[in-house]
file upload.cif (mmCIF, N, CA and C atoms)
data_query
loop_
_atom_site.label_atom_id
_atom_site.label_comp_id
_atom_site.auth_asym_id
_atom_site.auth_seq_id
_atom_site.Cartn_x
_atom_site.Cartn_y
_atom_site.Cartn_z
N MET F 1 -41.76 15.74 127.14
CA MET F 1 -41.87 16.91 127.98
C MET F 1 -43.34 17.31 128.10
N SER F 2 -43.76 17.50 129.31
CA SER F 2 -45.11 18.00 129.53
C SER F 2 -45.07 19.52 129.51
N LEU F 3 -46.06 20.12 128.87
CA LEU F 3 -46.13 21.57 128.84
C LEU F 3 -46.87 22.12 130.06
N VAL F 4 -47.34 21.20 130.94
CA VAL F 4 -47.97 21.61 132.20
C VAL F 4 -46.85 21.69 133.24
N LEU F 5 -46.60 22.88 133.76
CA LEU F 5 -45.53 23.06 134.73
C LEU F 5 -46.00 22.77 136.15
N SER F 6 -47.24 23.15 136.46
CA SER F 6 -47.79 22.86 137.78
C SER F 6 -49.31 22.92 137.73
N GLU F 7 -49.93 22.20 138.68
CA GLU F 7 -51.39 22.17 138.78
C GLU F 7 -51.77 22.19 140.26
N SER F 8 -52.86 22.90 140.55
CA SER F 8 -53.40 22.93 141.90
C SER F 8 -54.88 23.25 141.79
N GLY F 9 -55.73 22.27 142.04
CA GLY F 9 -57.16 22.48 141.85
C GLY F 9 -57.46 22.77 140.39
N ASN F 10 -58.20 23.85 140.14
CA ASN F 10 -58.50 24.25 138.76
C ASN F 10 -57.38 25.07 138.14
N ASN F 11 -56.43 25.52 138.97
CA ASN F 11 -55.38 26.40 138.49
C ASN F 11 -54.23 25.60 137.88
N ALA F 12 -53.70 26.09 136.77
CA ALA F 12 -52.57 25.43 136.12
C ALA F 12 -51.61 26.48 135.59
N VAL F 13 -50.34 26.13 135.59
CA VAL F 13 -49.32 26.94 134.93
C VAL F 13 -48.83 26.08 133.78
N GLU F 14 -49.03 26.58 132.57
CA GLU F 14 -48.68 25.83 131.38
C GLU F 14 -47.88 26.69 130.42
N VAL F 15 -47.17 26.02 129.54
CA VAL F 15 -46.42 26.70 128.49
C VAL F 15 -47.12 26.40 127.17
N PHE F 16 -47.43 27.46 126.43
CA PHE F 16 -48.09 27.32 125.13
C PHE F 16 -47.24 27.99 124.05
N ALA F 17 -47.15 27.35 122.89
CA ALA F 17 -46.54 28.00 121.73
C ALA F 17 -47.63 28.86 121.11
N THR F 18 -47.69 30.12 121.53
CA THR F 18 -48.77 31.01 121.08
C THR F 18 -48.51 31.58 119.70
N ARG F 19 -47.29 31.44 119.22
CA ARG F 19 -46.99 31.87 117.85
C ARG F 19 -45.96 30.91 117.28
N ILE F 20 -46.24 30.41 116.09
CA ILE F 20 -45.31 29.53 115.39
C ILE F 20 -45.07 30.15 114.03
N ASP F 21 -43.84 30.56 113.79
CA ASP F 21 -43.46 31.27 112.57
C ASP F 21 -42.67 30.32 111.67
N VAL F 22 -43.28 29.91 110.55
CA VAL F 22 -42.63 29.02 109.60
C VAL F 22 -42.00 29.89 108.51
N GLN F 23 -40.67 29.87 108.43
CA GLN F 23 -39.96 30.65 107.42
C GLN F 23 -39.45 29.69 106.35
N TRP F 24 -40.39 29.26 105.51
CA TRP F 24 -40.16 28.20 104.55
C TRP F 24 -39.54 28.73 103.26
N ASP F 25 -38.44 28.12 102.83
CA ASP F 25 -37.85 28.41 101.53
C ASP F 25 -38.43 27.38 100.56
N PHE F 26 -39.37 27.83 99.74
CA PHE F 26 -40.11 26.92 98.85
C PHE F 26 -39.20 26.25 97.83
N ARG F 27 -38.04 26.85 97.55
CA ARG F 27 -37.15 26.27 96.54
C ARG F 27 -36.44 25.02 97.05
N THR F 28 -36.18 24.98 98.36
CA THR F 28 -35.38 23.89 98.91
C THR F 28 -36.08 23.11 100.02
N ASN F 29 -37.31 23.50 100.38
CA ASN F 29 -38.04 22.89 101.50
C ASN F 29 -37.21 22.93 102.79
N THR F 30 -36.52 24.05 103.00
CA THR F 30 -35.73 24.24 104.20
C THR F 30 -36.13 25.55 104.86
N GLY F 31 -35.53 25.83 105.99
CA GLY F 31 -35.75 27.08 106.69
C GLY F 31 -36.09 26.84 108.15
N PRO F 32 -36.05 27.90 108.94
CA PRO F 32 -36.34 27.75 110.36
C PRO F 32 -37.83 27.83 110.68
N VAL F 33 -38.18 27.19 111.79
CA VAL F 33 -39.50 27.34 112.39
C VAL F 33 -39.24 27.88 113.79
N LEU F 34 -39.85 29.03 114.10
CA LEU F 34 -39.66 29.65 115.41
C LEU F 34 -40.89 29.41 116.26
N PHE F 35 -40.70 28.73 117.38
CA PHE F 35 -41.77 28.45 118.34
C PHE F 35 -41.64 29.47 119.47
N GLN F 36 -42.59 30.37 119.58
CA GLN F 36 -42.56 31.40 120.62
C GLN F 36 -43.49 30.97 121.75
N PHE F 37 -42.89 30.69 122.90
CA PHE F 37 -43.61 30.15 124.04
C PHE F 37 -43.97 31.23 125.06
N GLU F 38 -45.16 31.08 125.62
CA GLU F 38 -45.61 31.92 126.73
C GLU F 38 -45.94 31.02 127.90
N ARG F 39 -45.65 31.52 129.11
CA ARG F 39 -46.01 30.84 130.35
C ARG F 39 -47.32 31.45 130.81
N VAL F 40 -48.34 30.60 130.96
CA VAL F 40 -49.68 31.08 131.30
C VAL F 40 -50.14 30.43 132.60
N ASP F 41 -50.51 31.27 133.56
CA ASP F 41 -51.11 30.82 134.82
C ASP F 41 -52.60 31.12 134.69
N TRP F 42 -53.42 30.06 134.67
CA TRP F 42 -54.84 30.28 134.41
C TRP F 42 -55.72 29.29 135.16
N ASP F 43 -56.99 29.64 135.27
CA ASP F 43 -57.99 28.80 135.90
C ASP F 43 -58.72 28.05 134.79
N ARG F 44 -58.56 26.74 134.75
CA ARG F 44 -59.15 25.95 133.66
C ARG F 44 -60.67 25.94 133.69
N GLU F 45 -61.26 26.05 134.87
CA GLU F 45 -62.72 26.00 134.96
C GLU F 45 -63.34 27.30 134.46
N THR F 46 -62.83 28.44 134.92
CA THR F 46 -63.42 29.73 134.52
C THR F 46 -62.76 30.29 133.27
N ARG F 47 -61.63 29.72 132.87
CA ARG F 47 -60.84 30.17 131.71
C ARG F 47 -60.25 31.56 131.90
N LEU F 48 -60.18 32.02 133.13
CA LEU F 48 -59.57 33.31 133.42
C LEU F 48 -58.06 33.17 133.52
N VAL F 49 -57.35 34.10 132.90
CA VAL F 49 -55.90 34.10 132.94
C VAL F 49 -55.43 34.98 134.10
N ASN F 50 -54.63 34.38 134.99
CA ASN F 50 -54.09 35.13 136.12
C ASN F 50 -52.86 35.93 135.69
N THR F 51 -51.91 35.27 135.04
CA THR F 51 -50.73 35.94 134.50
C THR F 51 -50.35 35.26 133.20
N ARG F 52 -49.71 36.03 132.36
CA ARG F 52 -49.27 35.52 131.06
C ARG F 52 -48.04 36.30 130.66
N GLY F 53 -47.00 35.60 130.22
CA GLY F 53 -45.80 36.30 129.82
C GLY F 53 -44.91 35.47 128.91
N TYR F 54 -44.08 36.16 128.17
CA TYR F 54 -43.14 35.51 127.25
C TYR F 54 -42.18 34.63 128.04
N ASP F 55 -41.94 33.43 127.53
CA ASP F 55 -40.99 32.52 128.16
C ASP F 55 -39.71 32.39 127.34
N ARG F 56 -39.84 31.99 126.08
CA ARG F 56 -38.66 31.84 125.22
C ARG F 56 -39.08 31.52 123.79
N THR F 57 -38.13 31.64 122.88
CA THR F 57 -38.32 31.25 121.48
C THR F 57 -37.34 30.12 121.19
N ILE F 58 -37.86 29.05 120.61
CA ILE F 58 -37.02 27.91 120.24
C ILE F 58 -37.05 27.77 118.73
N ARG F 59 -35.87 27.66 118.14
CA ARG F 59 -35.73 27.54 116.68
C ARG F 59 -35.44 26.09 116.32
N GLN F 60 -36.18 25.61 115.33
CA GLN F 60 -35.95 24.28 114.78
C GLN F 60 -35.94 24.38 113.27
N GLU F 61 -35.18 23.52 112.61
CA GLU F 61 -35.16 23.51 111.16
C GLU F 61 -36.33 22.67 110.63
N ILE F 62 -36.94 23.16 109.56
CA ILE F 62 -38.06 22.45 108.94
C ILE F 62 -37.67 21.02 108.61
N ARG F 63 -36.49 20.84 108.05
CA ARG F 63 -36.05 19.50 107.63
C ARG F 63 -36.08 18.52 108.80
N GLY F 64 -35.64 18.96 109.98
CA GLY F 64 -35.66 18.09 111.16
C GLY F 64 -37.07 17.75 111.61
N LEU F 65 -37.96 18.73 111.54
CA LEU F 65 -39.35 18.49 111.93
C LEU F 65 -40.03 17.53 110.97
N LEU F 66 -39.75 17.66 109.68
CA LEU F 66 -40.37 16.79 108.69
C LEU F 66 -39.85 15.36 108.78
N GLY F 67 -38.62 15.19 109.27
CA GLY F 67 -38.03 13.86 109.38
C GLY F 67 -38.44 13.10 110.62
N GLY F 68 -39.15 13.75 111.53
CA GLY F 68 -39.53 13.10 112.79
C GLY F 68 -40.84 12.36 112.70
N GLU F 69 -41.21 11.75 113.82
CA GLU F 69 -42.51 11.11 113.97
C GLU F 69 -43.18 11.74 115.18
N TYR F 70 -44.53 11.81 115.15
CA TYR F 70 -45.28 12.50 116.18
C TYR F 70 -46.38 11.61 116.72
N THR F 71 -46.43 11.49 118.04
CA THR F 71 -47.47 10.73 118.71
C THR F 71 -48.62 11.69 119.00
N ILE F 72 -49.80 11.33 118.51
CA ILE F 72 -50.97 12.20 118.60
C ILE F 72 -52.11 11.40 119.25
N THR F 73 -52.83 12.05 120.17
CA THR F 73 -53.99 11.44 120.79
C THR F 73 -55.25 12.06 120.19
N ASP F 74 -56.10 11.23 119.61
CA ASP F 74 -57.36 11.71 119.05
C ASP F 74 -58.21 12.28 120.19
N PRO F 75 -58.61 13.57 120.09
CA PRO F 75 -59.35 14.18 121.19
C PRO F 75 -60.76 13.61 121.39
N PHE F 76 -61.27 12.90 120.42
CA PHE F 76 -62.62 12.35 120.53
C PHE F 76 -62.64 10.89 120.98
N THR F 77 -61.71 10.11 120.44
CA THR F 77 -61.71 8.68 120.75
C THR F 77 -60.65 8.28 121.78
N GLY F 78 -59.64 9.14 121.95
CA GLY F 78 -58.54 8.80 122.86
C GLY F 78 -57.52 7.88 122.23
N GLU F 79 -57.74 7.50 120.97
CA GLU F 79 -56.81 6.62 120.27
C GLU F 79 -55.47 7.33 120.08
N VAL F 80 -54.39 6.61 120.33
CA VAL F 80 -53.05 7.16 120.15
C VAL F 80 -52.48 6.62 118.85
N ILE F 81 -52.03 7.53 117.99
CA ILE F 81 -51.45 7.14 116.71
C ILE F 81 -50.11 7.85 116.53
N VAL F 82 -49.27 7.28 115.69
CA VAL F 82 -47.98 7.89 115.36
C VAL F 82 -48.03 8.30 113.90
N GLU F 83 -47.74 9.56 113.64
CA GLU F 83 -47.80 10.10 112.28
C GLU F 83 -46.41 10.54 111.82
N PRO F 84 -46.10 10.36 110.54
CA PRO F 84 -44.81 10.82 110.01
C PRO F 84 -44.78 12.35 109.87
N GLY F 85 -43.59 12.93 110.03
CA GLY F 85 -43.43 14.37 110.00
C GLY F 85 -43.76 15.03 108.68
N TRP F 86 -43.65 14.32 107.56
CA TRP F 86 -43.93 14.94 106.27
C TRP F 86 -45.37 15.45 106.21
N LYS F 87 -46.25 14.89 107.02
CA LYS F 87 -47.65 15.34 107.03
C LYS F 87 -47.78 16.77 107.54
N LEU F 88 -46.81 17.22 108.35
CA LEU F 88 -46.83 18.62 108.81
C LEU F 88 -46.84 19.57 107.61
N MET F 89 -45.89 19.37 106.70
CA MET F 89 -45.80 20.26 105.54
C MET F 89 -47.02 20.10 104.65
N ALA F 90 -47.49 18.88 104.46
CA ALA F 90 -48.66 18.65 103.62
C ALA F 90 -49.88 19.37 104.19
N LEU F 91 -50.07 19.30 105.51
CA LEU F 91 -51.22 19.97 106.14
C LEU F 91 -51.08 21.49 106.10
N ILE F 92 -49.88 22.00 106.30
CA ILE F 92 -49.67 23.45 106.23
C ILE F 92 -49.95 23.94 104.81
N LYS F 93 -49.47 23.22 103.82
CA LYS F 93 -49.72 23.62 102.43
C LYS F 93 -51.22 23.56 102.11
N ALA F 94 -51.90 22.52 102.55
CA ALA F 94 -53.34 22.39 102.29
C ALA F 94 -54.11 23.52 102.98
N ALA F 95 -53.73 23.85 104.21
CA ALA F 95 -54.39 24.95 104.92
C ALA F 95 -54.13 26.28 104.22
N THR F 96 -52.91 26.47 103.74
CA THR F 96 -52.56 27.70 103.03
C THR F 96 -53.41 27.86 101.77
N GLU F 97 -53.54 26.79 101.00
CA GLU F 97 -54.36 26.84 99.78
C GLU F 97 -55.82 27.13 100.11
N ARG F 98 -56.32 26.51 101.17
CA ARG F 98 -57.72 26.74 101.56
C ARG F 98 -57.97 28.18 101.96
N VAL F 99 -57.06 28.75 102.73
CA VAL F 99 -57.19 30.16 103.13
C VAL F 99 -57.10 31.07 101.91
N TRP F 100 -56.15 30.81 101.04
CA TRP F 100 -55.98 31.63 99.84
C TRP F 100 -57.24 31.58 98.97
N ASP F 101 -57.72 30.37 98.72
CA ASP F 101 -58.90 30.21 97.88
C ASP F 101 -60.13 30.90 98.48
N ALA F 102 -60.26 30.84 99.79
CA ALA F 102 -61.42 31.44 100.45
C ALA F 102 -61.34 32.97 100.49
N GLU F 103 -60.15 33.52 100.53
CA GLU F 103 -59.99 34.95 100.72
C GLU F 103 -59.47 35.72 99.52
N ALA F 104 -59.03 35.02 98.50
CA ALA F 104 -58.46 35.69 97.33
C ALA F 104 -59.54 36.50 96.61
N MET F 105 -59.21 37.71 96.30
CA MET F 105 -60.13 38.60 95.59
C MET F 105 -59.93 38.40 94.09
N PRO F 106 -60.99 38.49 93.31
CA PRO F 106 -60.81 38.40 91.86
C PRO F 106 -60.01 39.62 91.38
N ALA F 107 -59.30 39.43 90.29
CA ALA F 107 -58.49 40.52 89.75
C ALA F 107 -59.39 41.70 89.39
N VAL F 108 -58.94 42.89 89.70
CA VAL F 108 -59.68 44.11 89.40
C VAL F 108 -59.23 44.63 88.04
N GLN F 109 -60.20 44.86 87.16
CA GLN F 109 -59.86 45.39 85.85
C GLN F 109 -59.76 46.91 85.93
N GLU F 110 -58.74 47.42 85.28
CA GLU F 110 -58.58 48.86 85.26
C GLU F 110 -59.60 49.49 84.32
N THR F 111 -60.15 50.62 84.72
CA THR F 111 -61.10 51.33 83.86
C THR F 111 -60.62 52.76 83.70
N THR F 112 -61.06 53.34 82.65
CA THR F 112 -60.75 54.76 82.42
C THR F 112 -62.05 55.53 82.55
N ASP F 113 -61.95 56.84 82.62
CA ASP F 113 -63.16 57.67 82.71
C ASP F 113 -64.05 57.44 81.50
N ASP F 114 -63.45 57.18 80.34
CA ASP F 114 -64.24 56.96 79.12
C ASP F 114 -65.10 55.70 79.22
N ASP F 115 -64.60 54.69 79.97
CA ASP F 115 -65.34 53.44 80.11
C ASP F 115 -66.57 53.60 81.00
N GLN F 116 -66.60 54.62 81.83
CA GLN F 116 -67.66 54.76 82.83
C GLN F 116 -68.88 55.49 82.29
N PHE F 117 -68.78 56.15 81.16
CA PHE F 117 -69.90 56.94 80.63
C PHE F 117 -70.24 56.48 79.23
N ALA F 118 -71.51 56.32 78.96
CA ALA F 118 -71.96 55.98 77.62
C ALA F 118 -72.07 57.24 76.79
N THR F 119 -71.69 57.13 75.56
CA THR F 119 -71.82 58.28 74.67
C THR F 119 -73.07 58.08 73.84
N ILE F 120 -73.93 59.10 73.84
CA ILE F 120 -75.17 59.02 73.06
C ILE F 120 -75.05 59.99 71.91
N THR F 121 -75.21 59.45 70.76
CA THR F 121 -75.16 60.32 69.58
C THR F 121 -76.50 60.26 68.87
N GLY F 122 -76.88 61.30 68.28
CA GLY F 122 -78.16 61.36 67.57
C GLY F 122 -78.00 62.03 66.24
N SER F 123 -79.07 62.01 65.47
CA SER F 123 -79.00 62.65 64.16
C SER F 123 -79.66 63.99 64.19
#

call {"tool": "encode", "arguments": {"input": "upload.cif", "output": "structure tokens"}}
result
Amino acid sequence: MSLVLSESGNNAVEVFATRIDVQWDFRTNTGPVLFQFERVDWDRETRLVNTRGYDRTIRQEIRGLLGGEYTITDPFTGEVIVEPGWKLMALIKAATERVWDAEAMPAVQETTDDDQFATITGS
């Protein structure tokens, strides 16, 4: 299926999955993936959007996506390769860890008012 619905000059009407919601059950490696599609009428040269609107949501099970194969075209070389679906989960997990590691804040230690002031005693 082509996600390009129509083309005329620089103008195109395309369908994009602008939101993909993975509802993963880590205990069983199952759960739904919701693909929320928008229909976008836009000018590819100027990148201006003429119209944009919700089209539909399609639900797929993670297990089915992981069991498939995907044909991918390298955007730099044009080489076409087929990749196994299990790489989807591996890449999502790797991206999740990278985001967590980059953004995780160190644990904050609790302090009391007594910890904030030094007591000076003299003779």

call {"tool": "residues_around", "arguments": {"input": "upload.cif", "residues": "stretch 24-32 of chain F", "least_positions_apart": "3", "cutoff": "7 Å", "atoms": "all atoms listed in the file", "output": "PDB file with N, CA and C atoms, keeping the file's coordinate frame"}}
result
ATOM      1  N   ASP F  21     -43.840  30.560 113.790  1.00  0.00           N
ATOM      2  CA  ASP F  21     -43.460  31.270 112.570  1.00  0.00           C
ATOM      3  C   ASP F  21     -42.670  30.320 111.670  1.00  0.00           C
ATOM      4  N   ARG F  59     -35.870  27.660 118.140  1.00  0.00           N
ATOM      5  CA  ARG F  59     -35.730  27.540 116.680  1.00  0.00           C
ATOM      6  C   ARG F  59     -35.440  26.090 116.320  1.00  0.00           C
ATOM      7  N   GLN F  60     -36.180  25.610 115.330  1.00  0.00           N
ATOM      8  CA  GLN F  60     -35.950  24.280 114.780  1.00  0.00           C
ATOM      9  C   GLN F  60     -35.940  24.380 113.270  1.00  0.00           C
ATOM     10  N   GLU F  61     -35.180  23.520 112.610  1.00  0.00           N
ATOM     11  CA  GLU F  61     -35.160  23.510 111.160  1.00  0.00           C
ATOM     12  C   GLU F  61     -36.330  22.670 110.630  1.00  0.00           C
ATOM     13  N   ILE F  62     -36.940  23.160 109.560  1.00  0.00           N
ATOM     14  CA  ILE F  62     -38.060  22.450 108.940  1.00  0.00           C
ATOM     15  C   ILE F  62     -37.670  21.020 108.610  1.00  0.00           C
ATOM     16  N   ARG F  63     -36.490  20.840 108.050  1.00  0.00           N
ATOM     17  CA  ARG F  63     -36.050  19.500 107.630  1.00  0.00           C
ATOM     18  C   ARG F  63     -36.080  18.520 108.800  1.00  0.00           C
TER      19      ARG F  63
END

call {"tool": "atom_distance", "arguments": {"input": "upload.cif", "atom1": "atom CA of F:Arg39", "atom2": "atom C of F:Ile58"}}
result
15.0 Å

call {"tool": "select_by_dssp", "arguments": {"input": "upload.cif", "residues": "stretch 21-91 of chain F", "states": "helix (DSSP H, G or I)", "output": "PyMOL selection string"}}
result
chain F and resi 62-66+86-91

call {"tool": "atom_distance", "arguments": {"input": "upload.cif", "atom1": "atom CA of F:Val33", "atom2": "atom N of F:Ile20"}}
result
8.3 Å

call {"tool": "resolve_selection", "arguments": {"input": "upload.cif", "expression": "the PyMOL selection byres ((chain F and resi 42) around 8)", "output": "list in words"}}
result
Asn10, Asn11, Ala12, Val13, Glu14, Arg39, Val40, Asp41, Asp43, Arg44, Glu45, Thr46, Arg47, Leu48, Val49, Asn50, Thr51 and Arg52 of chain F

call {"tool": "closest_residue", "arguments": {"input": "upload.cif", "among": "F:Ile81, F:Ala17, F:Leu88, F:Leu3", "to": "F:Glu38", "atoms": "all atoms listed in the file"}}
result
F:Ala17

call {"tool": "select_by_dssp", "arguments": {"input": "upload.cif", "residues": "chain F", "states": "strand (DSSP E)", "output": "JSON, numbers by chain"}}
result
{"F": [4, 5, 6, 7, 8, 11, 12, 13, 14, 15, 16, 17, 18, 19, 20, 21, 22, 32, 33, 34, 35, 36, 37, 38, 39, 40, 41, 42, 43, 49, 50, 51, 52, 53, 54, 55, 56, 57, 58, 59, 60, 61, 69, 70, 71, 72, 73, 80, 81, 82, 83, 84]}

call {"tool": "residues_near_point", "arguments": {"input": "upload.cif", "point": "(-41.4, 15.3, 104.8)", "cutoff": "8 Å", "atoms": "only C-alpha atoms", "output": "ChimeraX atom specification"}}
result
/F:63,66-67,84-89

call {"tool": "decode", "arguments": {"input": "upload.cif", "residues": "stretch 67-79 of chain F", "atoms": "N, CA, C and O atoms", "output": "mmCIF file, in the first residue's frame"}}
result
data_model
loop_
_atom_site.group_PDB
_atom_site.id
_atom_site.type_symbol
_atom_site.label_atom_id
_atom_site.label_comp_id
_atom_site.auth_asym_id
_atom_site.auth_seq_id
_atom_site.Cartn_x
_atom_site.Cartn_y
_atom_site.Cartn_z
ATOM 1 N N GLY F 67 6.411 -10.806 14.337
ATOM 2 C CA GLY F 67 6.547 -12.013 13.525
ATOM 3 C C GLY F 67 6.684 -11.746 12.040
ATOM 4 O O GLY F 67 6.958 -12.660 11.267
ATOM 5 N N GLY F 68 6.526 -10.495 11.627
ATOM 6 C CA GLY F 68 6.582 -10.170 10.203
ATOM 7 C C GLY F 68 7.983 -9.858 9.720
ATOM 8 O O GLY F 68 8.956 -9.894 10.471
ATOM 9 N N GLU F 69 8.071 -9.566 8.423
ATOM 10 C CA GLU F 69 9.305 -9.088 7.815
ATOM 11 C C GLU F 69 8.998 -7.760 7.157
ATOM 12 O O GLU F 69 7.881 -7.526 6.688
ATOM 13 N N TYR F 70 10.007 -6.872 7.100
ATOM 14 C CA TYR F 70 9.804 -5.521 6.604
ATOM 15 C C TYR F 70 10.843 -5.179 5.549
ATOM 16 O O TYR F 70 12.038 -5.374 5.764
ATOM 17 N N THR F 71 10.364 -4.693 4.412
ATOM 18 C CA THR F 71 11.240 -4.254 3.339
ATOM 19 C C THR F 71 11.542 -2.778 3.562
ATOM 20 O O THR F 71 10.632 -1.960 3.685
ATOM 21 N N ILE F 72 12.821 -2.458 3.645
ATOM 22 C CA ILE F 72 13.268 -1.108 3.970
ATOM 23 C C ILE F 72 14.236 -0.645 2.877
ATOM 24 O O ILE F 72 15.106 -1.408 2.441
ATOM 25 N N THR F 73 14.078 0.619 2.458
ATOM 26 C CA THR F 73 15.001 1.207 1.498
ATOM 27 C C THR F 73 15.919 2.175 2.232
ATOM 28 O O THR F 73 15.447 3.090 2.903
ATOM 29 N N ASP F 74 17.221 1.932 2.134
ATOM 30 C CA ASP F 74 18.200 2.826 2.757
ATOM 31 C C ASP F 74 18.082 4.201 2.099
ATOM 32 O O ASP F 74 18.218 4.315 0.881
ATOM 33 N N PRO F 75 17.820 5.261 2.895
ATOM 34 C CA PRO F 75 17.619 6.582 2.306
ATOM 35 C C PRO F 75 18.884 7.185 1.683
ATOM 36 O O PRO F 75 18.788 8.124 0.898
ATOM 37 N N PHE F 76 20.034 6.651 2.000
ATOM 38 C CA PHE F 76 21.286 7.196 1.473
ATOM 39 C C PHE F 76 21.796 6.433 0.254
ATOM 40 O O PHE F 76 22.257 7.021 -0.703
ATOM 41 N N THR F 77 21.694 5.108 0.313
ATOM 42 C CA THR F 77 22.238 4.298 -0.781
ATOM 43 C C THR F 77 21.175 3.788 -1.740
ATOM 44 O O THR F 77 21.490 3.376 -2.849
ATOM 45 N N GLY F 78 19.913 3.769 -1.291
ATOM 46 C CA GLY F 78 18.845 3.221 -2.118
ATOM 47 C C GLY F 78 18.771 1.713 -2.059
ATOM 48 O O GLY F 78 17.906 1.092 -2.686
ATOM 49 N N GLU F 79 19.668 1.090 -1.287
ATOM 50 C CA GLU F 79 19.678 -0.365 -1.160
ATOM 51 C C GLU F 79 18.398 -0.829 -0.473
ATOM 52 O O GLU F 79 17.956 -0.246 0.512
#
